[in-house]
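Here is the file entry12.txt (compact mmCIF, C-alpha atoms and all ligand atoms).
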# COMPACT_ATOMS: atom_id res chain seq x y z
CA MET A 1178 -96.43 -26.25 46.99
CA ASN A 1179 -99.66 -28.08 47.60
CA THR A 1180 -101.28 -26.38 50.55
CA PRO A 1181 -104.97 -25.82 49.74
CA CYS A 1182 -105.45 -22.32 48.39
CA LEU A 1183 -107.36 -19.74 50.36
CA SER A 1184 -110.26 -19.53 47.90
CA THR A 1185 -110.80 -23.30 48.29
CA ILE A 1186 -110.95 -22.83 52.05
CA LEU A 1187 -113.45 -19.97 51.69
CA GLN A 1188 -115.65 -22.04 49.38
CA ASP A 1189 -115.95 -24.85 51.89
CA PRO A 1190 -119.57 -24.71 53.15
CA LYS A 1191 -118.57 -26.64 56.29
CA LEU A 1192 -115.97 -24.09 57.38
CA PRO A 1193 -116.96 -22.94 60.90
CA PRO A 1194 -117.96 -19.23 61.01
CA HIS A 1195 -115.11 -18.09 63.29
CA LEU A 1196 -112.53 -19.70 60.98
CA ARG A 1197 -114.31 -18.18 57.97
CA THR A 1198 -114.13 -14.68 59.51
CA VAL A 1199 -110.37 -14.93 59.92
CA ALA A 1200 -109.88 -16.48 56.47
CA GLN A 1201 -111.90 -13.63 54.94
CA LYS A 1202 -109.82 -11.05 56.80
CA VAL A 1203 -106.60 -12.58 55.55
CA ASN A 1204 -108.04 -12.70 52.05
CA ASP A 1205 -108.91 -9.00 52.29
CA GLY A 1206 -105.52 -8.04 53.72
CA GLU A 1207 -107.01 -7.10 57.09
CA ARG A 1208 -105.31 -7.49 60.45
CA ILE A 1209 -106.44 -10.17 62.89
CA THR A 1210 -107.04 -9.41 66.58
CA PRO A 1211 -105.27 -10.97 69.58
CA ALA A 1212 -108.44 -12.97 70.35
CA GLU A 1213 -108.40 -14.32 66.80
CA GLY A 1214 -104.71 -15.12 67.14
CA LEU A 1215 -105.46 -17.16 70.25
CA MET A 1216 -108.34 -18.90 68.51
CA LEU A 1217 -105.97 -19.87 65.67
CA TYR A 1218 -103.52 -21.38 68.14
CA GLU A 1219 -106.28 -23.28 69.92
CA GLU A 1220 -108.39 -24.41 67.00
CA GLY A 1221 -106.73 -23.70 63.65
CA PRO A 1222 -106.29 -26.92 61.63
CA LEU A 1223 -102.88 -27.36 59.97
CA GLY A 1224 -104.14 -27.24 56.36
CA TYR A 1225 -106.27 -24.18 57.04
CA LEU A 1226 -103.39 -22.29 58.71
CA GLY A 1227 -101.06 -23.28 55.89
CA ALA A 1228 -103.50 -21.93 53.28
CA LEU A 1229 -103.81 -18.59 55.06
CA ALA A 1230 -100.10 -18.19 55.76
CA ASN A 1231 -99.12 -19.27 52.26
CA HIS A 1232 -101.55 -16.74 50.83
CA VAL A 1233 -99.82 -13.96 52.79
CA ARG A 1234 -96.38 -15.29 51.89
CA GLU A 1235 -97.14 -15.49 48.18
CA ARG A 1236 -98.88 -12.11 48.17
CA MET A 1237 -95.69 -10.59 49.60
CA HIS A 1238 -92.98 -12.67 47.94
CA GLY A 1239 -94.44 -15.06 45.37
CA ASP A 1240 -92.16 -18.11 45.27
CA ARG A 1241 -89.07 -16.13 46.23
CA THR A 1242 -87.15 -17.74 49.10
CA TYR A 1243 -84.25 -15.81 50.53
CA PHE A 1244 -81.03 -16.87 52.12
CA ASN A 1245 -77.80 -15.09 52.90
CA ARG A 1246 -74.22 -16.15 53.25
CA ASN A 1247 -72.97 -15.35 56.69
CA PHE A 1248 -70.78 -16.81 59.36
CA HIS A 1249 -71.26 -16.80 63.09
CA VAL A 1250 -68.73 -15.86 65.73
CA GLU A 1251 -69.34 -16.70 69.37
CA PRO A 1252 -66.90 -14.74 71.54
CA THR A 1253 -67.63 -17.11 74.43
CA ASN A 1254 -69.80 -20.12 75.18
CA VAL A 1255 -69.90 -19.35 78.91
CA CYS A 1256 -72.54 -17.10 80.41
CA LEU A 1257 -73.21 -15.60 83.80
CA TYR A 1258 -76.97 -15.72 83.30
CA THR A 1259 -78.91 -18.84 84.13
CA CYS A 1260 -81.57 -19.23 81.47
CA THR A 1261 -83.03 -22.66 82.07
CA PHE A 1262 -83.34 -23.49 78.36
CA CYS A 1263 -79.71 -22.70 77.59
CA SER A 1264 -76.73 -25.02 77.76
CA TYR A 1265 -74.31 -22.08 78.16
CA SER A 1266 -75.52 -21.28 81.64
CA ARG A 1267 -74.36 -24.67 82.95
CA ARG A 1268 -70.78 -23.95 81.98
CA ILE A 1269 -70.19 -21.09 84.38
CA LYS A 1270 -69.43 -23.60 87.13
CA LYS A 1271 -66.82 -25.31 84.92
CA ARG A 1272 -65.60 -22.32 83.01
CA GLU A 1273 -62.44 -24.02 81.84
CA ASP A 1274 -64.52 -26.34 79.65
CA GLY A 1275 -65.64 -23.44 77.52
CA TRP A 1276 -63.85 -20.81 75.45
CA GLU A 1277 -63.39 -17.10 76.00
CA TYR A 1278 -61.92 -15.52 72.90
CA SER A 1279 -59.78 -12.42 72.91
CA LEU A 1280 -60.20 -9.68 70.35
CA GLU A 1281 -57.25 -11.12 68.41
CA ASP A 1282 -58.85 -14.61 68.47
CA ILE A 1283 -62.04 -13.19 67.00
CA MET A 1284 -60.19 -11.23 64.34
CA ASP A 1285 -58.37 -14.46 63.40
CA ILE A 1286 -61.76 -16.10 62.85
CA VAL A 1287 -62.96 -13.16 60.77
CA ARG A 1288 -59.80 -13.31 58.64
CA LYS A 1289 -60.41 -17.00 57.92
CA TYR A 1290 -63.36 -15.94 55.79
CA ASP A 1291 -61.35 -13.42 53.75
CA ASP A 1292 -61.54 -15.50 50.57
CA GLN A 1293 -65.18 -16.45 50.95
CA PRO A 1294 -68.12 -14.62 49.42
CA VAL A 1295 -69.86 -14.00 52.76
CA THR A 1296 -71.76 -10.74 53.21
CA GLU A 1297 -72.41 -10.79 56.96
CA VAL A 1298 -70.85 -11.70 60.29
CA HIS A 1299 -73.34 -12.63 63.01
CA ILE A 1300 -71.80 -12.17 66.47
CA VAL A 1301 -73.53 -13.48 69.55
CA GLY A 1302 -72.58 -15.55 72.58
CA GLY A 1303 -72.61 -15.60 76.35
CA VAL A 1304 -72.42 -12.64 78.71
CA LEU A 1305 -69.20 -12.19 80.73
CA PRO A 1306 -67.74 -9.06 82.35
CA GLN A 1307 -64.66 -8.77 80.12
CA TYR A 1308 -66.89 -8.36 77.08
CA ASP A 1309 -67.83 -4.76 77.71
CA VAL A 1310 -68.49 -1.55 75.78
CA PRO A 1311 -64.82 -0.84 74.93
CA PHE A 1312 -64.28 -4.48 73.87
CA TYR A 1313 -67.22 -4.62 71.48
CA ALA A 1314 -66.70 -1.09 70.14
CA GLU A 1315 -63.09 -1.96 69.32
CA LEU A 1316 -64.15 -5.30 67.79
CA PHE A 1317 -66.70 -3.65 65.49
CA ARG A 1318 -64.14 -1.01 64.49
CA GLN A 1319 -61.50 -3.61 63.68
CA ILE A 1320 -63.89 -5.74 61.62
CA LYS A 1321 -65.04 -2.77 59.58
CA ALA A 1322 -61.46 -1.55 59.10
CA HIS A 1323 -60.41 -5.02 57.95
CA ARG A 1324 -63.36 -5.72 55.67
CA PRO A 1325 -65.66 -2.72 55.12
CA ASP A 1326 -68.14 -4.66 52.95
CA LEU A 1327 -68.87 -7.22 55.69
CA HIS A 1328 -72.15 -6.35 57.43
CA VAL A 1329 -71.80 -6.50 61.23
CA LYS A 1330 -74.94 -8.00 62.80
CA ALA A 1331 -74.16 -8.32 66.46
CA LEU A 1332 -75.37 -8.84 70.01
CA THR A 1333 -78.84 -8.57 71.44
CA PRO A 1334 -80.49 -6.37 74.08
CA VAL A 1335 -79.36 -8.99 76.62
CA GLU A 1336 -75.72 -7.99 76.08
CA TYR A 1337 -76.45 -4.31 75.43
CA HIS A 1338 -78.49 -3.93 78.61
CA TYR A 1339 -75.68 -5.57 80.61
CA ILE A 1340 -72.76 -3.64 79.11
CA PHE A 1341 -74.48 -0.24 79.14
CA LYS A 1342 -75.46 -0.68 82.76
CA LYS A 1343 -71.89 -1.60 83.63
CA ALA A 1344 -70.58 1.42 81.71
CA LYS A 1345 -73.23 3.62 83.37
CA ILE A 1346 -74.52 4.94 80.07
CA SER A 1347 -78.09 5.15 78.78
CA TYR A 1348 -79.46 2.85 76.10
CA GLU A 1349 -79.60 5.86 73.78
CA GLU A 1350 -75.96 6.75 74.29
CA GLY A 1351 -74.88 3.14 74.10
CA MET A 1352 -76.66 2.27 70.87
CA ALA A 1353 -75.41 5.48 69.21
CA LEU A 1354 -71.87 4.56 70.26
CA MET A 1355 -72.24 1.03 68.84
CA LYS A 1356 -73.53 2.42 65.56
CA GLU A 1357 -70.61 4.79 65.38
CA ALA A 1358 -68.22 1.89 66.02
CA GLY A 1359 -69.59 -0.12 63.08
CA LEU A 1360 -72.63 -2.06 64.26
CA GLU A 1361 -75.05 -2.29 61.34
CA SER A 1362 -77.92 -4.43 62.55
CA MET A 1363 -79.12 -6.44 65.51
CA PRO A 1364 -80.09 -10.11 65.42
CA GLY A 1365 -83.36 -11.23 66.99
CA GLY A 1366 -82.12 -13.21 69.99
CA GLY A 1367 -82.86 -12.77 73.66
CA ALA A 1368 -86.57 -12.17 73.12
CA GLU A 1369 -87.61 -15.61 74.43
CA ILE A 1370 -91.13 -14.97 75.74
CA PHE A 1371 -91.84 -11.41 76.90
CA ALA A 1372 -94.55 -12.16 79.51
CA PRO A 1373 -92.87 -11.73 82.93
CA GLU A 1374 -94.64 -14.75 84.44
CA ILE A 1375 -92.80 -16.98 81.95
CA ARG A 1376 -89.65 -14.92 81.39
CA ASP A 1377 -88.88 -14.77 85.13
CA GLN A 1378 -88.95 -18.57 85.26
CA ILE A 1379 -86.83 -19.31 82.21
CA ALA A 1380 -84.61 -16.24 81.79
CA GLY A 1381 -84.67 -14.47 85.12
CA GLY A 1382 -82.03 -11.79 85.71
CA LYS A 1383 -81.40 -10.79 82.14
CA CYS A 1384 -83.14 -7.86 80.43
CA THR A 1385 -86.91 -7.83 80.69
CA GLY A 1386 -89.24 -8.02 77.72
CA GLU A 1387 -89.88 -4.31 78.09
CA GLN A 1388 -86.15 -3.54 78.01
CA TRP A 1389 -85.65 -5.82 75.01
CA LEU A 1390 -88.34 -3.93 73.11
CA ARG A 1391 -87.03 -0.52 74.21
CA ILE A 1392 -83.49 -1.23 72.98
CA HIS A 1393 -84.84 -2.30 69.58
CA GLU A 1394 -87.00 0.83 69.49
CA ILE A 1395 -83.98 3.06 70.14
CA TRP A 1396 -81.99 1.21 67.50
CA HIS A 1397 -84.81 1.66 64.98
CA GLU A 1398 -85.00 5.36 65.85
CA LEU A 1399 -81.36 5.60 64.77
CA GLY A 1400 -82.57 4.45 61.35
CA MET A 1401 -81.29 0.91 61.79
CA ARG A 1402 -82.83 -2.54 61.31
CA SER A 1403 -83.12 -5.62 63.46
CA ASN A 1404 -84.81 -9.02 63.78
CA ALA A 1405 -87.12 -10.54 66.37
CA THR A 1406 -87.40 -14.09 67.68
CA MET A 1407 -89.77 -16.05 69.90
CA LEU A 1408 -88.57 -19.11 71.81
CA TYR A 1409 -91.59 -21.40 71.91
CA GLY A 1410 -92.56 -24.90 72.95
CA HIS A 1411 -91.47 -25.00 76.60
CA ILE A 1412 -93.59 -23.82 79.56
CA GLU A 1413 -95.42 -21.01 77.83
CA GLU A 1414 -99.10 -21.16 76.92
CA TYR A 1415 -100.67 -20.05 73.68
CA ARG A 1416 -101.78 -16.76 75.25
CA HIS A 1417 -98.14 -15.92 75.98
CA ARG A 1418 -97.23 -16.49 72.35
CA VAL A 1419 -100.05 -14.20 71.24
CA ASP A 1420 -98.95 -11.54 73.75
CA HIS A 1421 -95.40 -11.82 72.38
CA LEU A 1422 -96.55 -11.43 68.77
CA GLU A 1423 -98.82 -8.54 69.73
CA GLN A 1424 -95.97 -6.65 71.39
CA LEU A 1425 -93.78 -7.15 68.34
CA ARG A 1426 -96.57 -5.99 66.02
CA GLN A 1427 -97.17 -2.87 68.11
CA LEU A 1428 -93.52 -1.88 68.13
CA GLN A 1429 -93.29 -2.53 64.40
CA ASP A 1430 -96.28 -0.22 63.85
CA LYS A 1431 -94.35 2.47 65.68
CA THR A 1432 -90.91 2.09 64.10
CA GLY A 1433 -91.04 -0.21 61.06
CA GLY A 1434 -87.50 -1.26 61.97
CA PHE A 1435 -87.93 -5.03 62.17
CA GLN A 1436 -87.02 -7.00 59.08
CA THR A 1437 -87.65 -10.59 60.03
CA TYR A 1438 -89.48 -12.70 62.58
CA ILE A 1439 -87.74 -15.98 63.52
CA PRO A 1440 -89.64 -18.51 65.65
CA LEU A 1441 -87.14 -20.67 67.58
CA LYS A 1442 -88.26 -24.13 68.57
CA PHE A 1443 -87.15 -25.03 72.10
CA ARG A 1444 -84.72 -27.97 71.98
CA ASN A 1445 -84.34 -29.95 75.15
CA GLU A 1446 -80.83 -31.40 75.32
CA ASN A 1447 -78.15 -30.29 77.81
CA ASN A 1448 -80.20 -27.75 79.67
CA GLU A 1449 -82.29 -27.39 82.82
CA MET A 1450 -85.51 -28.09 80.94
CA SER A 1451 -84.54 -31.43 79.47
CA HIS A 1452 -87.53 -33.03 81.19
CA LEU A 1453 -89.89 -31.14 78.87
CA PRO A 1454 -90.99 -32.77 75.64
CA GLU A 1455 -90.33 -30.89 72.42
CA SER A 1456 -93.07 -29.54 70.18
CA THR A 1457 -94.19 -31.71 67.29
CA THR A 1458 -93.52 -30.88 63.65
CA VAL A 1459 -97.22 -30.14 63.17
CA GLU A 1460 -97.06 -27.66 66.03
CA ASP A 1461 -93.92 -26.10 64.55
CA LEU A 1462 -95.64 -25.59 61.21
CA ARG A 1463 -98.77 -24.18 62.87
CA ASN A 1464 -96.57 -21.77 64.80
CA TYR A 1465 -94.79 -20.54 61.66
CA ALA A 1466 -98.14 -20.06 59.97
CA ILE A 1467 -99.72 -18.10 62.82
CA GLY A 1468 -96.63 -15.87 63.05
CA ARG A 1469 -96.97 -15.09 59.32
CA ILE A 1470 -100.69 -14.38 59.63
CA TYR A 1471 -100.41 -12.29 62.79
CA LEU A 1472 -97.37 -10.15 61.92
CA ASP A 1473 -98.88 -8.42 58.93
CA ASN A 1474 -96.34 -5.59 59.26
CA PHE A 1475 -93.23 -7.83 59.13
CA ASP A 1476 -91.76 -8.37 55.67
CA HIS A 1477 -90.14 -11.72 56.40
CA VAL A 1478 -90.51 -14.91 58.42
CA LYS A 1479 -87.36 -16.98 58.71
CA ALA A 1480 -86.72 -20.60 59.61
CA TYR A 1481 -83.41 -21.55 61.13
CA TRP A 1482 -82.98 -24.92 59.44
CA PRO A 1483 -80.17 -26.49 61.54
CA MET A 1484 -82.55 -26.41 64.48
CA ILE A 1485 -85.59 -27.98 62.82
CA GLY A 1486 -83.93 -30.12 60.16
CA ARG A 1487 -83.97 -29.90 56.39
CA THR A 1488 -87.34 -31.55 55.85
CA THR A 1489 -89.26 -29.33 58.25
CA ALA A 1490 -87.42 -26.33 56.78
CA GLN A 1491 -88.67 -27.32 53.33
CA LEU A 1492 -92.20 -27.79 54.65
CA SER A 1493 -92.09 -24.43 56.44
CA LEU A 1494 -91.85 -22.74 53.03
CA ALA A 1495 -95.52 -23.64 52.56
CA PHE A 1496 -96.43 -22.32 56.02
CA GLY A 1497 -95.43 -18.67 55.76
CA VAL A 1498 -91.64 -18.88 55.77
CA ASP A 1499 -89.84 -17.02 52.95
CA ASP A 1500 -86.29 -17.02 54.31
CA LEU A 1501 -83.91 -19.80 55.36
CA ASP A 1502 -80.96 -19.26 57.66
CA GLY A 1503 -77.93 -21.44 58.01
CA THR A 1504 -75.52 -21.74 55.11
CA ILE A 1505 -71.90 -22.44 55.69
CA ASP A 1506 -70.21 -23.91 58.69
CA ASP A 1507 -72.91 -23.80 61.33
CA THR A 1508 -71.18 -26.16 63.69
CA THR A 1509 -70.39 -24.51 67.00
CA ARG A 1510 -73.69 -23.22 68.17
CA ILE A 1511 -75.91 -22.79 71.12
CA TYR A 1512 -78.24 -25.13 69.21
CA SER A 1513 -75.98 -28.05 68.54
CA MET A 1514 -75.64 -28.30 72.28
CA ALA A 1515 -79.37 -27.98 72.83
CA GLY A 1516 -80.18 -30.87 70.51
CA ALA A 1517 -80.33 -29.34 67.06
CA GLU A 1518 -81.67 -31.61 64.35
CA GLU A 1519 -78.48 -31.23 62.34
CA LYS A 1520 -75.40 -32.08 64.36
CA HIS A 1521 -72.95 -30.82 61.73
CA PRO A 1522 -75.08 -28.50 59.74
CA ALA A 1523 -72.66 -27.38 57.08
CA MET A 1524 -74.56 -26.73 53.89
CA SER A 1525 -73.12 -25.27 50.74
CA THR A 1526 -74.99 -22.65 48.80
CA GLU A 1527 -75.59 -25.29 46.14
CA ASP A 1528 -77.21 -27.63 48.67
CA LEU A 1529 -79.43 -24.88 49.98
CA VAL A 1530 -80.45 -23.82 46.48
CA LYS A 1531 -81.39 -27.41 45.62
CA MET A 1532 -83.31 -27.79 48.84
CA ILE A 1533 -85.39 -24.69 48.01
CA ARG A 1534 -85.91 -25.60 44.35
CA ALA A 1535 -86.99 -29.13 45.26
CA VAL A 1536 -90.17 -27.72 46.79
CA GLY A 1537 -90.94 -25.46 43.87
CA ARG A 1538 -89.60 -22.19 45.22
CA LYS A 1539 -87.12 -19.68 43.81
CA PRO A 1540 -83.84 -19.38 45.73
CA ILE A 1541 -82.58 -15.82 46.02
CA GLU A 1542 -79.35 -14.93 47.73
CA ARG A 1543 -79.79 -11.67 49.62
CA ASP A 1544 -77.63 -9.40 51.71
CA THR A 1545 -78.55 -8.54 55.31
CA LEU A 1546 -80.95 -5.76 54.27
CA TYR A 1547 -82.62 -7.97 51.63
CA GLY A 1548 -80.83 -6.46 48.66
CA ILE A 1549 -80.65 -9.15 45.95
CA VAL A 1550 -77.18 -10.63 45.50
CA GLU A 1551 -78.06 -13.43 43.06
CA ASP A 1552 -81.13 -15.19 41.72
CA TYR A 1553 -80.45 -18.96 41.65
CA THR A 1554 -83.76 -20.00 40.12
CA ASP A 1555 -82.20 -21.21 36.90
CA ALA A 1556 -78.65 -21.80 38.05
CA GLU A 1557 -77.15 -24.95 36.55
CA PHE A 1558 -75.13 -27.37 38.64
CA SER A 1559 -72.96 -30.15 37.27
CA ASP A 1560 -74.81 -32.92 39.12
CA ASP A 1561 -78.19 -31.26 38.93
CA LYS A 1562 -80.57 -34.22 38.83
CA LEU A 1563 -83.40 -32.26 40.31
CA TYR A 1564 -86.48 -31.28 38.43
CA ARG A 1565 -87.03 -27.52 38.69
CA GLY A 1566 -90.11 -27.75 40.77
CA TYR A 1567 -91.35 -30.72 42.70
CA THR A 1568 -89.29 -33.82 42.98
CA ALA A 1569 -89.61 -37.28 44.33
CA LEU A 1570 -85.85 -37.51 44.76
CA PRO A 1571 -84.31 -37.20 48.18
CA VAL A 1572 -82.69 -33.83 48.53
CA VAL A 1573 -78.94 -33.61 49.21
O1 LIG B 1601 -81.98 -15.95 72.30
C1 LIG B 1601 -81.08 -20.83 73.32
C2 LIG B 1601 -82.22 -19.42 71.54
C3 LIG B 1601 -81.36 -17.56 70.61
C4 LIG B 1601 -82.09 -22.71 73.02
O2 LIG B 1601 -81.59 -12.67 63.97
C5 LIG B 1601 -82.50 -21.81 72.04
O3 LIG B 1601 -80.94 -13.61 62.14
C6 LIG B 1601 -83.90 -23.40 71.19
O4 LIG B 1601 -81.63 -15.39 68.13
N1 LIG B 1601 -83.56 -24.30 72.12
C7 LIG B 1601 -80.19 -16.98 69.87
N2 LIG B 1601 -83.41 -22.14 71.11
C8 LIG B 1601 -80.27 -17.27 68.38
C9 LIG B 1601 -80.98 -16.24 67.57
C10 LIG B 1601 -80.90 -16.23 66.08
C11 LIG B 1601 -80.62 -17.38 65.37
C12 LIG B 1601 -80.54 -17.32 63.98
C13 LIG B 1601 -80.73 -16.11 63.33
C14 LIG B 1601 -81.00 -14.97 64.06
C15 LIG B 1601 -81.18 -13.67 63.35
C16 LIG B 1601 -81.11 -15.02 65.44
O5 LIG B 1601 -81.27 -18.96 70.63
C17 LIG B 1601 -81.49 -17.22 72.06
C18 LIG B 1601 -82.49 -18.26 72.51
O6 LIG B 1601 -83.78 -17.82 72.28
N3 LIG B 1601 -81.88 -20.66 72.26
N4 LIG B 1601 -81.18 -22.09 73.79
C19 LIG B 1601 -82.65 -24.01 73.04
N5 LIG B 1601 -82.36 -24.90 73.98
FE1 LIG B 1602 -76.71 -16.53 78.56
FE2 LIG B 1602 -78.17 -16.08 76.40
FE3 LIG B 1602 -77.81 -18.58 77.29
FE4 LIG B 1602 -79.35 -16.90 78.67
S1 LIG B 1602 -79.75 -17.65 76.56
S2 LIG B 1602 -77.75 -18.26 79.53
S3 LIG B 1602 -78.30 -14.96 78.34
S4 LIG B 1602 -76.23 -17.24 76.48

What is this file in structure tokens?
Amino acid sequence: MNTPCLSTILQDPKLPPHLRTVAQKVNDGERITPAEGLMLYEEGPLGYLGALANHVRERMHGDRTYFNRNFHVEPTNVCLYTCTFCSYSRRIKKREDGWEYSLEDIMDIVRKYDDQPVTEVHIVGGVLPQYDVPFYAELFRQIKAHRPDLHVKALTPVEYHYIFKKAKISYEEGMALMKEAGLESMPGGGAEIFAPEIRDQIAGGKCTGEQWLRIHEIWHELGMRSNATMLYGHIEEYRHRVDHLEQLRQLQDKTGGFQTYIPLKFRNENNEMSHLPESTTVEDLRNYAIGRIYLDNFDHVKAYWPMIGRTTAQLSLAFGVDDLDGTIDDTTRIYSMAGAEEKHPAMSTEDLVKMIRAVGRKPIERDTLYGIVEDYTDAEFSDDKLYRGYTALPVV
């Protein structure tokens, strides 16, 4: 991809000294400070940030771009919390408009994928009292008994904090119990923005940033892996984003248990913050890039393409992103209600592979823990009009 390369940036005699210092650090594989992170948010030009982030991305992964085949299950789309950015919270007043699946309903959904080559089920939804420790433990057990090879990635500290409190058990006991029941990794949701001055306004009542981090820490101490997100582009300021990244980096130094960082762009439809404008594409790309530069101890940065659209997802691959999420059937999601770019974001593996190849990257199907399932770099498709590299053709 044609972001300027880092050596070109460093050779520019007009590069301001503070930008040069950071570029040199990135070139030398050194860590940047929180003050430098803030400076990048405030002053880093798009092309410059892209060059730095792409350098890190290619140093770690070359052109490899990962995706996995999973399906999502949302036990309910009603929630007792009142996060202002979330369309679920509005439903609690008209609960009958939503769904509340039973264990059998969820197992029916899981069974629908029996013939499909999916490697992971991602389970996350609203918080309601009937979804408690016994419910989820039984669900994980039944999924693993039915299909042992399916990786169970489920729930976030938001749910775990709630259900463990209700069951009067510690986080340590609770996470050990979930592991024993079949939980294999934790998705990155519920992180939002850790700083209490923002979190209390947008996600008051649910687990704090500290509790979110503690539950991940305990999970990592059990030898398990998880992801981390940041919900950006609403009422937070750049310093809150830097604080969020810093806290993730510190925990990762301690445990090494995070696999992937996923920035989530705030979408403003059907929620209590619809009056706020959304971030621009330039800002989205800058944010991916700064995440990649800052989180030097995270292996992967992922873009969730149904939320940002296919074109921005392709662009993000030149701004630090090495992983794309969203293959089959992503229709019923928190995001489609919040104004996702793709209203019916079903994309076949073939489509995704073409989308990645069209910007000169190598599509690699992975499993949840980044084991390679298949390298699609040279896969042939019957209607494959696309040049293996750059293309002027519209993509899928
Ligand atoms: O925590 C809710 C976000 C998250 C909105 O780990 C919104 O592989 C934008 O974490 N605009 C859940 N975002 C989704 C999530 C996730 C997604 C894909 C992959 C993985 C992974 C994790 O969705 C919530 C919240 O931050 N969200 N409402 C909204 N209006
Ligand atoms: Fe509930 Fe999660 Fe939505 Fe908050 S973001 S209202 S906790 S579903």

With a cut-off of 9 Å, could you pull out the residues of chain A touching ligand LIG 1602 (chain B) and give me the nearest pair of atoms for each, distance in Å to one decimal, using only C-alpha atoms and all ligand atoms, ordered by chain and ascending number, as CSV?
residue,atom,partner,partner_atom,distance
A:Thr1253,CA,B:LIG1602,S4,8.8
A:Asn1254,CA,B:LIG1602,S4,7.2
A:Val1255,CA,B:LIG1602,S4,7.1
A:Cys1256,CA,B:LIG1602,FE1,4.6
A:Leu1257,CA,B:LIG1602,FE1,6.4
A:Tyr1258,CA,B:LIG1602,S2,4.6
A:Thr1259,CA,B:LIG1602,S2,4.8
A:Cys1260,CA,B:LIG1602,FE4,4.3
A:Thr1261,CA,B:LIG1602,S2,7.3
A:Phe1262,CA,B:LIG1602,S1,7.1
A:Cys1263,CA,B:LIG1602,FE3,4.5
A:Ser1264,CA,B:LIG1602,FE3,6.5
A:Tyr1265,CA,B:LIG1602,FE3,5.0
A:Ser1266,CA,B:LIG1602,S2,4.3
A:Arg1267,CA,B:LIG1602,S2,8.0
A:Val1301,CA,B:LIG1602,S4,8.3
A:Gly1302,CA,B:LIG1602,S4,5.6
A:Gly1303,CA,B:LIG1602,S4,4.0
A:Val1304,CA,B:LIG1602,FE1,5.8
A:Leu1305,CA,B:LIG1602,FE1,8.9
A:Val1335,CA,B:LIG1602,S3,6.3
A:Glu1336,CA,B:LIG1602,S3,7.8
A:Gly1366,CA,B:LIG1602,FE2,8.1
A:Gly1367,CA,B:LIG1602,FE2,6.4
A:Glu1369,CA,B:LIG1602,S1,8.4
A:Ile1379,CA,B:LIG1602,FE4,8.6
A:Ala1380,CA,B:LIG1602,FE4,6.2
A:Gly1381,CA,B:LIG1602,FE4,8.7
A:Gly1382,CA,B:LIG1602,S3,8.8
A:Lys1383,CA,B:LIG1602,S3,6.4
A:Cys1384,CA,B:LIG1602,S3,8.8
A:Ile1511,CA,B:LIG1602,FE3,7.7

Rounded to one decimal place, report the CA of Arg1538 (chain A)-CA of Asp1240 (chain A) distance in Å. 4.8 Å

Close residues to ligand LIG 1601 (chain B) using only C-alpha atoms and all ligand atoms, limit 9 Å, as a VMD selection string: chain A and resid 1260 to 1265 1299 1301 to 1302 1330 to 1331 1333 1335 1363 to 1370 1403 to 1410 1437 to 1448 1450 to 1451 1479 to 1481 1484 1502 to 1503 1510 to 1517 1545

Here's a test: counting only C-alpha atoms, identify every protein, DNA and RNA residue with an atom at most 8 Å from (-100.7, -15.7, 68.8) in the file's coordinate frame, and state them as an MDAnalysis selection string. chainID A and resid 1211 1214:1215 1217:1218 1415:1423 1467:1468 1471

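Using all atoms listed in the file, the shortest contact distance between Met1237 (chain A) and any of A:Gly1206, A:His1249, A:Trp1389, A:Phe1312 is found at A:Gly1206.
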
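The closest residue to Ile1549 (chain A), picked from A:Lys1343, A:Asn1245, A:Phe1435, A:Pro1334 and counting only C-alpha atoms, is A:Asn1245.
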
Which residue is closest to Lys1321 (chain A)? Choose from A:Arg1197, A:Arg1487, A:Lys1356, A:His1232 and count all atoms listed in the file. A:Lys1356

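With only C-alpha atoms as the atoms that count, the residue of A:Pro1325, A:Pro1194, A:Pro1540, A:Gly1351 with the shortest distance to Ile1392 (chain A) is A:Gly1351.
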
Could you jot down the CA of Leu1229 (chain A) to CA of Phe1244 (chain A) separation for me, Å, one decimal place? 23.0 Å
